[in-house]
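Here the structure is laid out as structure tokens; the discussion comes afterwards.
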Amino acid sequence: MSTPTVLARTGSAEWSRLWSVRSTWIFAAATALVVLGFGTIMGYDVSDDPTGPGPDATAWDGGRFTAMFALFGVLAMAVVTSTADHGTGGIVPTLQWTPRRGVLLAARTGVIVATMTVLGALFVAGASAIVWAFRPSLGLPFGAGVETLAELGFVYAAAAGLAVGLGLVTRSTAAALVSVIALVLVLPLLLAQLPYEWSVDLSARMPGSGALFLIFGEGPRDDMTTASARLTLGLWAVALLVAGGLRLMRTDADR
């Protein structure tokens with residue numbers, strides 16, 4: 001059987017596995033509730049503000065502020081779905097069904113990253129629509145929406161890839177979640193607060209700083225740019241996917 005055929009079938013199986021477990025639906029529903037809830041709060045705030053936001057502001061700007069909450073949901077879902085069958089031992093029958101580990105790696109990574117990217121973008125789009133509903137004068141321009149969702153889509157795709165890589169490296173949901181939280185939230189903020197130049201430089205090279213800069217336009221260093229933030233986040237995602245892929249390919253999958 002050709003590799004494209006096996007990849008397509010494996011991708012279909014991974015999609016079914018992703019949505020056949022209750023945890024995926026719970027994480028998705030909880031993330032949607034939080035993101036749309038904050039979108040509602042922001043919409044109510046701007047509708048009650050007589051001065052209003054700046055003249056160039058749109059409802060997409062309001063939705064962007066909810067993107068961080070969507071990011072944590074994306075990270076959690078990606079970790080859980082990438083480590084689930086390692087915790088239950090289901091990876092053994094999975095590899096018996098798909099012995100080509102490279103195909104399994106590509107299918108699993110592709111399905112999880114694509115799904116999390118679309119979900120994150122949909123949540124932010126929904127929050128933006130809610131803000132616009134509260135204050136239609138802000139507008140919901142198509143061009144601004146494409147730009148915003150494309151930028152955030154990169155963040156969600158890279159973050160999901162990073163989470164999948166950590167899941168494959170640790171093969172433990174708890175360890176991967178702790179590692180993701182440390183890399184994205186705890187270490188970047190902690191290092192940026194230390195009174196040392198090296199700690200600020202190190203913070204700027206953490207994936208969390210790249211994600212925060214792309215979402216909010218702020219980072220630990222004044223010389224951070226969109227290009228450097230994308231490069232930082234992308235390199236972390238690729239490096240961890242390579243490390244996780246090597247472990248899957250070269251070691252016993254049930255250990």
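Residue numbering restarts at 1 for every chain of the structure tokens, chains are lettered A, B, ... in their displayed order, and ligands are numbered from 1 as they appear.
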Residues within 9 Å of stretch 183-194 of chain A, only C-alpha atoms, excluding chain neighbours under 4 positions, as a VMD selection string: chain A and resid 159 178 to 179 198 to 212 220 to 221
Would you save the residues from that selection as a PDB file, in the first residue's frame, using N, CA and C atoms?
```pdb
ATOM      1  N   ALA A 159       2.301  26.589  18.747  1.00  0.00           N
ATOM      2  CA  ALA A 159       2.097  26.152  20.130  1.00  0.00           C
ATOM      3  C   ALA A 159       1.615  24.709  20.187  1.00  0.00           C
ATOM      4  N   VAL A 178       2.984  20.347  32.669  1.00  0.00           N
ATOM      5  CA  VAL A 178       3.861  21.168  33.512  1.00  0.00           C
ATOM      6  C   VAL A 178       4.938  21.840  32.662  1.00  0.00           C
ATOM      7  N   SER A 179       5.509  21.086  31.728  1.00  0.00           N
ATOM      8  CA  SER A 179       6.558  21.640  30.871  1.00  0.00           C
ATOM      9  C   SER A 179       6.023  22.754  29.979  1.00  0.00           C
ATOM     10  N   TRP A 198      21.231  38.900  31.301  1.00  0.00           N
ATOM     11  CA  TRP A 198      21.192  37.566  30.710  1.00  0.00           C
ATOM     12  C   TRP A 198      19.823  36.918  30.885  1.00  0.00           C
ATOM     13  N   SER A 199      19.171  37.203  32.027  1.00  0.00           N
ATOM     14  CA  SER A 199      17.862  36.587  32.259  1.00  0.00           C
ATOM     15  C   SER A 199      16.804  37.177  31.328  1.00  0.00           C
ATOM     16  N   VAL A 200      16.912  38.489  31.052  1.00  0.00           N
ATOM     17  CA  VAL A 200      15.978  39.119  30.110  1.00  0.00           C
ATOM     18  C   VAL A 200      16.209  38.575  28.704  1.00  0.00           C
ATOM     19  N   ASP A 201      17.495  38.406  28.321  1.00  0.00           N
ATOM     20  CA  ASP A 201      17.809  37.841  27.010  1.00  0.00           C
ATOM     21  C   ASP A 201      17.265  36.418  26.895  1.00  0.00           C
ATOM     22  N   LEU A 202      17.429  35.642  27.962  1.00  0.00           N
ATOM     23  CA  LEU A 202      16.922  34.268  27.944  1.00  0.00           C
ATOM     24  C   LEU A 202      15.403  34.239  27.867  1.00  0.00           C
ATOM     25  N   SER A 203      14.768  35.166  28.571  1.00  0.00           N
ATOM     26  CA  SER A 203      13.306  35.254  28.523  1.00  0.00           C
ATOM     27  C   SER A 203      12.817  35.532  27.108  1.00  0.00           C
ATOM     28  N   ALA A 204      13.535  36.423  26.405  1.00  0.00           N
ATOM     29  CA  ALA A 204      13.135  36.769  25.039  1.00  0.00           C
ATOM     30  C   ALA A 204      13.266  35.601  24.084  1.00  0.00           C
ATOM     31  N   ARG A 205      14.049  34.593  24.471  1.00  0.00           N
ATOM     32  CA  ARG A 205      14.244  33.428  23.617  1.00  0.00           C
ATOM     33  C   ARG A 205      13.343  32.262  24.010  1.00  0.00           C
ATOM     34  N   MET A 206      12.461  32.469  24.961  1.00  0.00           N
ATOM     35  CA  MET A 206      11.516  31.436  25.350  1.00  0.00           C
ATOM     36  C   MET A 206      10.297  31.470  24.428  1.00  0.00           C
ATOM     37  N   PRO A 207       9.658  30.332  24.196  1.00  0.00           N
ATOM     38  CA  PRO A 207       8.504  30.320  23.283  1.00  0.00           C
ATOM     39  C   PRO A 207       7.337  31.162  23.780  1.00  0.00           C
ATOM     40  N   GLY A 208       7.174  31.245  25.099  1.00  0.00           N
ATOM     41  CA  GLY A 208       6.086  32.048  25.634  1.00  0.00           C
ATOM     42  C   GLY A 208       6.219  33.516  25.301  1.00  0.00           C
ATOM     43  N   SER A 209       7.463  34.028  25.298  1.00  0.00           N
ATOM     44  CA  SER A 209       7.681  35.436  24.960  1.00  0.00           C
ATOM     45  C   SER A 209       7.341  35.696  23.502  1.00  0.00           C
ATOM     46  N   GLY A 210       7.685  34.748  22.632  1.00  0.00           N
ATOM     47  CA  GLY A 210       7.329  34.893  21.229  1.00  0.00           C
ATOM     48  C   GLY A 210       5.826  34.910  21.024  1.00  0.00           C
ATOM     49  N   ALA A 211       5.126  34.006  21.723  1.00  0.00           N
ATOM     50  CA  ALA A 211       3.667  33.948  21.599  1.00  0.00           C
ATOM     51  C   ALA A 211       3.020  35.223  22.125  1.00  0.00           C
ATOM     52  N   LEU A 212       3.467  35.700  23.286  1.00  0.00           N
ATOM     53  CA  LEU A 212       2.896  36.909  23.871  1.00  0.00           C
ATOM     54  C   LEU A 212       3.143  38.128  22.990  1.00  0.00           C
ATOM     55  N   PRO A 220       9.725  41.011  26.482  1.00  0.00           N
ATOM     56  CA  PRO A 220      10.671  41.406  27.534  1.00  0.00           C
ATOM     57  C   PRO A 220      11.751  42.357  27.056  1.00  0.00           C
ATOM     58  N   ARG A 221      11.994  42.391  25.737  1.00  0.00           N
ATOM     59  CA  ARG A 221      13.002  43.293  25.190  1.00  0.00           C
ATOM     60  C   ARG A 221      12.346  44.257  24.198  1.00  0.00           C
TER      61      ARG A 221
END
```
Residue list (helix (DSSP H, G or I), DSSP) for stretch 32-243 of chain A, as a PyMOL selection string: chain A and resi 32-47+59-64+67-88+91-97+101-134+136-138+142-170+173-193+197-204+207-216+226-243
Atom CA of A:Val80 to atom CA of A:Thr40, distance in Å rounded to a single decimal: 28.1 Å
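Checking A:Leu140, A:Leu241, A:Val92, A:Val146 one by one against A:Gly165, counting only C-alpha atoms, you find the shortest gap at A:Leu241.
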Straight-line distance linking atom CA of A:Asp61 with atom CA of A:Val155, stated in Å to one decimal: 16.2 Å
Distance query A:Ser128 at most 10 Å, only C-alpha atoms, self and fewer than 6 positions along chain excluded, as an MDAnalysis selection string: chainID A and resid 35:36 39:40 42:43 58:66 122 139:140 145
Take the residues from that selection and put them in a file with all heavy atoms, as a compact mmCIF listing (two decimals), in the first residue's frame.
```
# COMPACT_ATOMS: atom_id res chain seq x y z
N VAL A 35 -13.29 31.84 26.46
CA VAL A 35 -12.96 32.84 25.45
C VAL A 35 -14.18 33.69 25.10
O VAL A 35 -14.11 34.92 25.07
CB VAL A 35 -12.39 32.16 24.19
CG1 VAL A 35 -12.20 33.18 23.07
CG2 VAL A 35 -11.07 31.48 24.50
N LEU A 36 -15.30 33.05 24.86
CA LEU A 36 -16.50 33.80 24.51
C LEU A 36 -17.02 34.59 25.71
O LEU A 36 -17.59 35.67 25.56
CB LEU A 36 -17.59 32.84 24.01
CG LEU A 36 -17.24 32.07 22.73
CD1 LEU A 36 -18.40 31.18 22.32
CD2 LEU A 36 -16.86 33.01 21.60
N GLY A 39 -14.98 37.61 25.79
CA GLY A 39 -15.42 38.45 24.70
C GLY A 39 -16.68 39.22 25.06
O GLY A 39 -16.83 40.40 24.73
N THR A 40 -17.58 38.56 25.78
CA THR A 40 -18.81 39.21 26.24
C THR A 40 -18.50 40.34 27.23
O THR A 40 -19.07 41.43 27.17
CB THR A 40 -19.75 38.19 26.89
OG1 THR A 40 -20.04 37.15 25.95
CG2 THR A 40 -21.04 38.84 27.36
N MET A 42 -15.71 42.03 27.48
CA MET A 42 -15.08 43.15 26.76
C MET A 42 -16.10 43.92 25.94
O MET A 42 -16.06 45.14 25.86
CB MET A 42 -13.96 42.62 25.87
CG MET A 42 -12.82 42.01 26.64
SD MET A 42 -11.40 41.71 25.60
CE MET A 42 -10.99 43.38 25.12
N GLY A 43 -17.03 43.18 25.31
CA GLY A 43 -18.06 43.85 24.54
C GLY A 43 -18.94 44.73 25.40
O GLY A 43 -19.27 45.87 25.02
N THR A 58 -10.90 48.10 15.92
CA THR A 58 -12.00 47.29 15.39
C THR A 58 -12.37 46.23 16.42
O THR A 58 -11.67 46.06 17.44
CB THR A 58 -11.60 46.60 14.07
OG1 THR A 58 -10.62 45.58 14.36
CG2 THR A 58 -11.01 47.59 13.09
N ALA A 59 -13.44 45.53 16.16
CA ALA A 59 -13.84 44.46 17.07
C ALA A 59 -12.80 43.34 17.13
O ALA A 59 -12.70 42.62 18.12
CB ALA A 59 -15.19 43.89 16.63
N TRP A 60 -11.98 43.22 16.08
CA TRP A 60 -10.92 42.21 16.08
C TRP A 60 -9.88 42.50 17.16
O TRP A 60 -9.29 41.58 17.72
CB TRP A 60 -10.24 42.16 14.72
CG TRP A 60 -11.13 41.68 13.62
CD1 TRP A 60 -11.67 42.42 12.61
CD2 TRP A 60 -11.61 40.34 13.43
NE1 TRP A 60 -12.44 41.62 11.81
CE2 TRP A 60 -12.42 40.35 12.27
CE3 TRP A 60 -11.42 39.13 14.12
CZ2 TRP A 60 -13.05 39.20 11.79
CZ3 TRP A 60 -12.04 37.99 13.64
CH2 TRP A 60 -12.85 38.03 12.49
N ASP A 61 -9.67 43.79 17.46
CA ASP A 61 -8.73 44.14 18.53
C ASP A 61 -9.24 43.64 19.88
O ASP A 61 -8.47 43.19 20.73
CB ASP A 61 -8.52 45.65 18.57
CG ASP A 61 -7.90 46.18 17.30
OD1 ASP A 61 -6.96 45.53 16.79
OD2 ASP A 61 -8.35 47.23 16.79
N GLY A 62 -10.55 43.74 20.08
CA GLY A 62 -11.12 43.22 21.31
C GLY A 62 -11.01 41.71 21.38
O GLY A 62 -10.66 41.14 22.42
N GLY A 63 -11.27 41.03 20.25
CA GLY A 63 -11.14 39.58 20.22
C GLY A 63 -9.72 39.11 20.46
O GLY A 63 -9.49 38.05 21.05
N ARG A 64 -8.74 39.91 20.01
CA ARG A 64 -7.33 39.53 20.18
C ARG A 64 -6.96 39.38 21.65
O ARG A 64 -6.12 38.55 22.01
CB ARG A 64 -6.44 40.57 19.51
CG ARG A 64 -4.95 40.28 19.60
CD ARG A 64 -4.15 41.38 18.94
NE ARG A 64 -4.15 41.25 17.49
CZ ARG A 64 -3.25 40.54 16.80
NH1 ARG A 64 -2.29 39.90 17.44
NH2 ARG A 64 -3.31 40.50 15.50
N PHE A 65 -7.59 40.18 22.52
CA PHE A 65 -7.26 40.10 23.93
C PHE A 65 -7.72 38.79 24.57
O PHE A 65 -7.31 38.45 25.67
CB PHE A 65 -7.85 41.29 24.68
CG PHE A 65 -7.05 42.55 24.53
CD1 PHE A 65 -7.42 43.52 23.61
CD2 PHE A 65 -5.91 42.76 25.28
CE1 PHE A 65 -6.68 44.67 23.45
CE2 PHE A 65 -5.15 43.92 25.13
CZ PHE A 65 -5.54 44.88 24.20
N THR A 66 -8.61 38.08 23.90
CA THR A 66 -9.04 36.77 24.42
C THR A 66 -8.16 35.65 23.90
O THR A 66 -8.32 34.49 24.30
CB THR A 66 -10.50 36.48 24.02
OG1 THR A 66 -10.57 36.29 22.59
CG2 THR A 66 -11.41 37.63 24.41
N LEU A 122 -11.32 29.96 15.51
CA LEU A 122 -12.78 30.07 15.62
C LEU A 122 -13.20 30.71 16.94
O LEU A 122 -14.13 31.53 16.97
CB LEU A 122 -13.41 28.69 15.49
CG LEU A 122 -13.46 28.09 14.08
CD1 LEU A 122 -14.02 26.66 14.13
CD2 LEU A 122 -14.31 28.95 13.16
N GLY A 139 -16.95 48.00 13.95
CA GLY A 139 -16.78 47.33 12.67
C GLY A 139 -16.08 45.99 12.81
O GLY A 139 -15.38 45.73 13.80
N LEU A 140 -16.29 45.15 11.82
CA LEU A 140 -15.66 43.83 11.79
C LEU A 140 -15.09 43.62 10.37
O LEU A 140 -15.52 42.73 9.64
CB LEU A 140 -16.69 42.75 12.13
CG LEU A 140 -16.18 41.39 12.62
CD1 LEU A 140 -15.49 41.53 13.97
CD2 LEU A 140 -17.32 40.38 12.71
N GLY A 145 -9.69 41.06 9.87
CA GLY A 145 -9.95 39.73 10.41
C GLY A 145 -8.98 38.70 9.85
O GLY A 145 -8.46 37.85 10.59
```
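Our summary of the geometry notes that atom CA of A:Ile130 is positioned 22.7 Å from atom CA of A:Gly217.
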Spatial neighbours of stretch 245-248 of chain A, max dist 9 Å, only C-alpha atoms, sep filter under 2 positions, as a PyMOL selection string: chain A and resi 101-102+105+165+168-169+240-243+250-253
File of the preceding selection, N, CA, C and O atoms, as a short mmCIF file (atom, residue, chain, number, x, y, z; two decimals), in the first residue's frame:
```cif
data_model
loop_
_atom_site.label_atom_id
_atom_site.label_comp_id
_atom_site.auth_asym_id
_atom_site.auth_seq_id
_atom_site.Cartn_x
_atom_site.Cartn_y
_atom_site.Cartn_z
N ARG A 101 6.20 4.17 11.68
CA ARG A 101 6.14 5.20 12.73
C ARG A 101 6.24 6.62 12.16
O ARG A 101 5.66 7.55 12.72
N GLY A 102 6.95 6.77 11.08
CA GLY A 102 7.02 8.09 10.46
C GLY A 102 5.67 8.55 9.96
O GLY A 102 5.31 9.73 10.07
N LEU A 105 3.61 9.52 13.02
CA LEU A 105 4.07 10.82 13.52
C LEU A 105 3.50 11.95 12.67
O LEU A 105 2.99 12.94 13.21
N GLY A 165 5.18 17.87 20.51
CA GLY A 165 6.56 17.45 20.70
C GLY A 165 6.87 17.11 22.14
O GLY A 165 7.49 16.07 22.43
N LEU A 168 5.28 13.80 23.04
CA LEU A 168 6.01 12.65 22.53
C LEU A 168 7.32 12.43 23.28
O LEU A 168 7.78 11.29 23.42
N VAL A 169 7.93 13.50 23.74
CA VAL A 169 9.18 13.37 24.50
C VAL A 169 8.92 12.79 25.88
O VAL A 169 9.59 11.85 26.32
N LEU A 240 11.22 20.63 19.30
CA LEU A 240 10.55 19.67 20.16
C LEU A 240 9.85 18.58 19.36
O LEU A 240 9.80 17.42 19.79
N LEU A 241 9.34 18.92 18.18
CA LEU A 241 8.75 17.88 17.32
C LEU A 241 9.83 16.91 16.84
O LEU A 241 9.59 15.70 16.77
N VAL A 242 11.01 17.42 16.52
CA VAL A 242 12.11 16.55 16.11
C VAL A 242 12.51 15.64 17.26
O VAL A 242 12.70 14.42 17.08
N ALA A 243 12.64 16.21 18.46
CA ALA A 243 13.02 15.41 19.62
C ALA A 243 11.96 14.34 19.92
O ALA A 243 12.28 13.17 20.18
N ARG A 250 12.80 5.69 17.62
CA ARG A 250 13.98 4.92 18.00
C ARG A 250 13.86 4.18 19.32
O ARG A 250 14.78 3.44 19.69
N THR A 251 12.80 4.39 20.06
CA THR A 251 12.66 3.70 21.34
C THR A 251 11.34 2.96 21.42
O THR A 251 10.44 3.20 20.62
N ASP A 252 11.24 2.04 22.36
CA ASP A 252 10.00 1.33 22.58
C ASP A 252 8.89 2.32 22.92
O ASP A 252 9.04 3.14 23.81
N ALA A 253 7.77 2.21 22.24
CA ALA A 253 6.71 3.21 22.39
C ALA A 253 5.95 3.07 23.69
O ALA A 253 5.26 4.01 24.10
#
```
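Residues in contact range of A:Asp85, defined as at most 10 Å between only C-alpha atoms, with sequence neighbours fewer than 4 positions away removed, read Arg17, Val80, Thr81, Gly89, Gly90, Ile91, Val92, Pro93, Thr94, Arg171, Ser172 and Asp254 of chain A.
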May I have the residues from that selection written out with C-alpha atoms, as a PDB file, in the first residue's frame?
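Everything below was put into selection09.pdb:
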```pdb
ATOM      1  CA  ARG A  17      -9.452   9.103  17.968  1.00  0.00           C
ATOM      2  CA  VAL A  80      -3.815  15.472  26.243  1.00  0.00           C
ATOM      3  CA  THR A  81      -4.486  14.145  22.750  1.00  0.00           C
ATOM      4  CA  GLY A  89      -1.080   1.591  26.602  1.00  0.00           C
ATOM      5  CA  GLY A  90      -3.107   2.147  23.452  1.00  0.00           C
ATOM      6  CA  ILE A  91       0.050   3.093  21.563  1.00  0.00           C
ATOM      7  CA  VAL A  92       0.887  -0.616  21.186  1.00  0.00           C
ATOM      8  CA  PRO A  93      -2.207  -1.568  19.114  1.00  0.00           C
ATOM      9  CA  THR A  94      -1.884   1.774  17.322  1.00  0.00           C
ATOM     10  CA  ARG A 171       4.911  10.413  27.134  1.00  0.00           C
ATOM     11  CA  SER A 172       3.172  11.729  30.223  1.00  0.00           C
ATOM     12  CA  ASP A 254       5.288   1.727  25.610  1.00  0.00           C
TER      13      ASP A 254
END
```
Contacts of A:Ala78 at 12 Å (only C-alpha atoms; same-chain gap of 5+ positions) as a ChimeraX atom specification: /A:18,23-24,27-28,71-73,83-84,108-117,119-120,156-168,173,176-177,180
Now that the selection is made, can you save its residues with N, CA and C atoms as a compact mmCIF listing (two decimals), in the first residue's frame?
```txt
# COMPACT_ATOMS: atom_id res chain seq x y z
N LEU A 18 -9.26 11.51 18.05
CA LEU A 18 -9.29 12.82 18.69
C LEU A 18 -10.68 13.17 19.21
N SER A 23 -12.60 13.86 26.74
CA SER A 23 -11.73 14.95 27.18
C SER A 23 -11.60 16.03 26.11
N THR A 24 -11.58 15.65 24.83
CA THR A 24 -11.47 16.64 23.76
C THR A 24 -12.66 17.58 23.77
N PHE A 27 -12.50 19.90 26.94
CA PHE A 27 -11.53 20.98 26.78
C PHE A 27 -12.03 22.02 25.78
N ALA A 28 -12.59 21.54 24.67
CA ALA A 28 -13.08 22.47 23.65
C ALA A 28 -14.22 23.32 24.20
N LEU A 71 -5.18 30.20 23.72
CA LEU A 71 -3.87 29.55 23.62
C LEU A 71 -3.72 28.46 24.67
N PHE A 72 -4.12 28.74 25.90
CA PHE A 72 -3.98 27.73 26.95
C PHE A 72 -4.89 26.53 26.68
N GLY A 73 -6.07 26.78 26.14
CA GLY A 73 -6.93 25.67 25.77
C GLY A 73 -6.32 24.82 24.68
N THR A 83 -0.67 12.52 24.27
CA THR A 83 -0.14 11.60 25.28
C THR A 83 -1.15 10.54 25.72
N ALA A 84 -2.39 10.65 25.28
CA ALA A 84 -3.45 9.80 25.81
C ALA A 84 -3.15 8.32 25.66
N ARG A 108 -0.45 12.11 13.15
CA ARG A 108 -0.85 12.60 14.48
C ARG A 108 -0.53 14.09 14.62
N THR A 109 0.67 14.48 14.23
CA THR A 109 1.05 15.89 14.34
C THR A 109 0.16 16.75 13.46
N GLY A 110 -0.04 16.32 12.22
CA GLY A 110 -0.85 17.11 11.30
C GLY A 110 -2.28 17.30 11.76
N VAL A 111 -2.90 16.23 12.22
CA VAL A 111 -4.30 16.31 12.67
C VAL A 111 -4.43 17.18 13.90
N ILE A 112 -3.56 17.00 14.88
CA ILE A 112 -3.66 17.77 16.12
C ILE A 112 -3.37 19.25 15.85
N VAL A 113 -2.30 19.54 15.12
CA VAL A 113 -1.93 20.93 14.86
C VAL A 113 -3.03 21.63 14.05
N ALA A 114 -3.52 20.99 13.01
CA ALA A 114 -4.56 21.61 12.18
C ALA A 114 -5.84 21.84 12.98
N THR A 115 -6.22 20.85 13.77
CA THR A 115 -7.46 20.98 14.55
C THR A 115 -7.35 22.09 15.59
N MET A 116 -6.23 22.13 16.31
CA MET A 116 -6.07 23.15 17.34
C MET A 116 -5.98 24.56 16.74
N THR A 117 -5.36 24.66 15.57
CA THR A 117 -5.25 25.97 14.92
C THR A 117 -6.63 26.48 14.52
N LEU A 119 -9.57 25.53 15.76
CA LEU A 119 -10.38 25.80 16.95
C LEU A 119 -10.00 27.14 17.58
N GLY A 120 -8.69 27.38 17.74
CA GLY A 120 -8.26 28.64 18.34
C GLY A 120 -8.73 29.84 17.53
N TYR A 156 -1.09 29.53 17.26
CA TYR A 156 -1.74 28.30 17.69
C TYR A 156 -1.11 27.07 17.05
N ALA A 157 -0.73 27.18 15.78
CA ALA A 157 -0.10 26.05 15.10
C ALA A 157 1.25 25.72 15.74
N ALA A 158 2.07 26.75 15.96
CA ALA A 158 3.38 26.52 16.57
C ALA A 158 3.24 26.01 17.99
N ALA A 159 2.30 26.59 18.75
CA ALA A 159 2.10 26.15 20.13
C ALA A 159 1.61 24.71 20.19
N ALA A 160 0.72 24.34 19.29
CA ALA A 160 0.23 22.96 19.25
C ALA A 160 1.36 22.01 18.87
N GLY A 161 2.21 22.40 17.91
CA GLY A 161 3.35 21.58 17.56
C GLY A 161 4.31 21.41 18.72
N LEU A 162 4.54 22.49 19.45
CA LEU A 162 5.39 22.44 20.64
C LEU A 162 4.81 21.47 21.67
N ALA A 163 3.49 21.54 21.88
CA ALA A 163 2.84 20.68 22.86
C ALA A 163 2.89 19.21 22.43
N VAL A 164 2.68 18.95 21.14
CA VAL A 164 2.77 17.58 20.64
C VAL A 164 4.18 17.04 20.83
N GLY A 165 5.18 17.87 20.51
CA GLY A 165 6.56 17.45 20.70
C GLY A 165 6.87 17.11 22.14
N LEU A 166 6.43 17.95 23.06
CA LEU A 166 6.65 17.67 24.49
C LEU A 166 5.91 16.40 24.91
N GLY A 167 4.71 16.22 24.37
CA GLY A 167 3.96 15.01 24.70
C GLY A 167 4.69 13.76 24.24
N LEU A 168 5.28 13.80 23.04
CA LEU A 168 6.01 12.65 22.53
C LEU A 168 7.32 12.43 23.28
N THR A 173 1.06 12.90 30.36
CA THR A 173 0.21 14.08 30.30
C THR A 173 0.61 15.10 31.34
N ALA A 176 4.06 16.71 30.51
CA ALA A 176 3.97 17.59 29.36
C ALA A 176 3.23 18.87 29.69
N LEU A 177 2.15 18.78 30.47
CA LEU A 177 1.40 19.97 30.87
C LEU A 177 2.26 20.91 31.71
N VAL A 180 4.84 22.56 29.42
CA VAL A 180 4.23 23.58 28.57
C VAL A 180 3.95 24.85 29.35
```
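For the set A:Ala229, A:Ala107, A:Met224, A:Leu152, the residue with the smallest atom-to-atom gap to A:Trp15 is A:Ala107, counting only C-alpha atoms.
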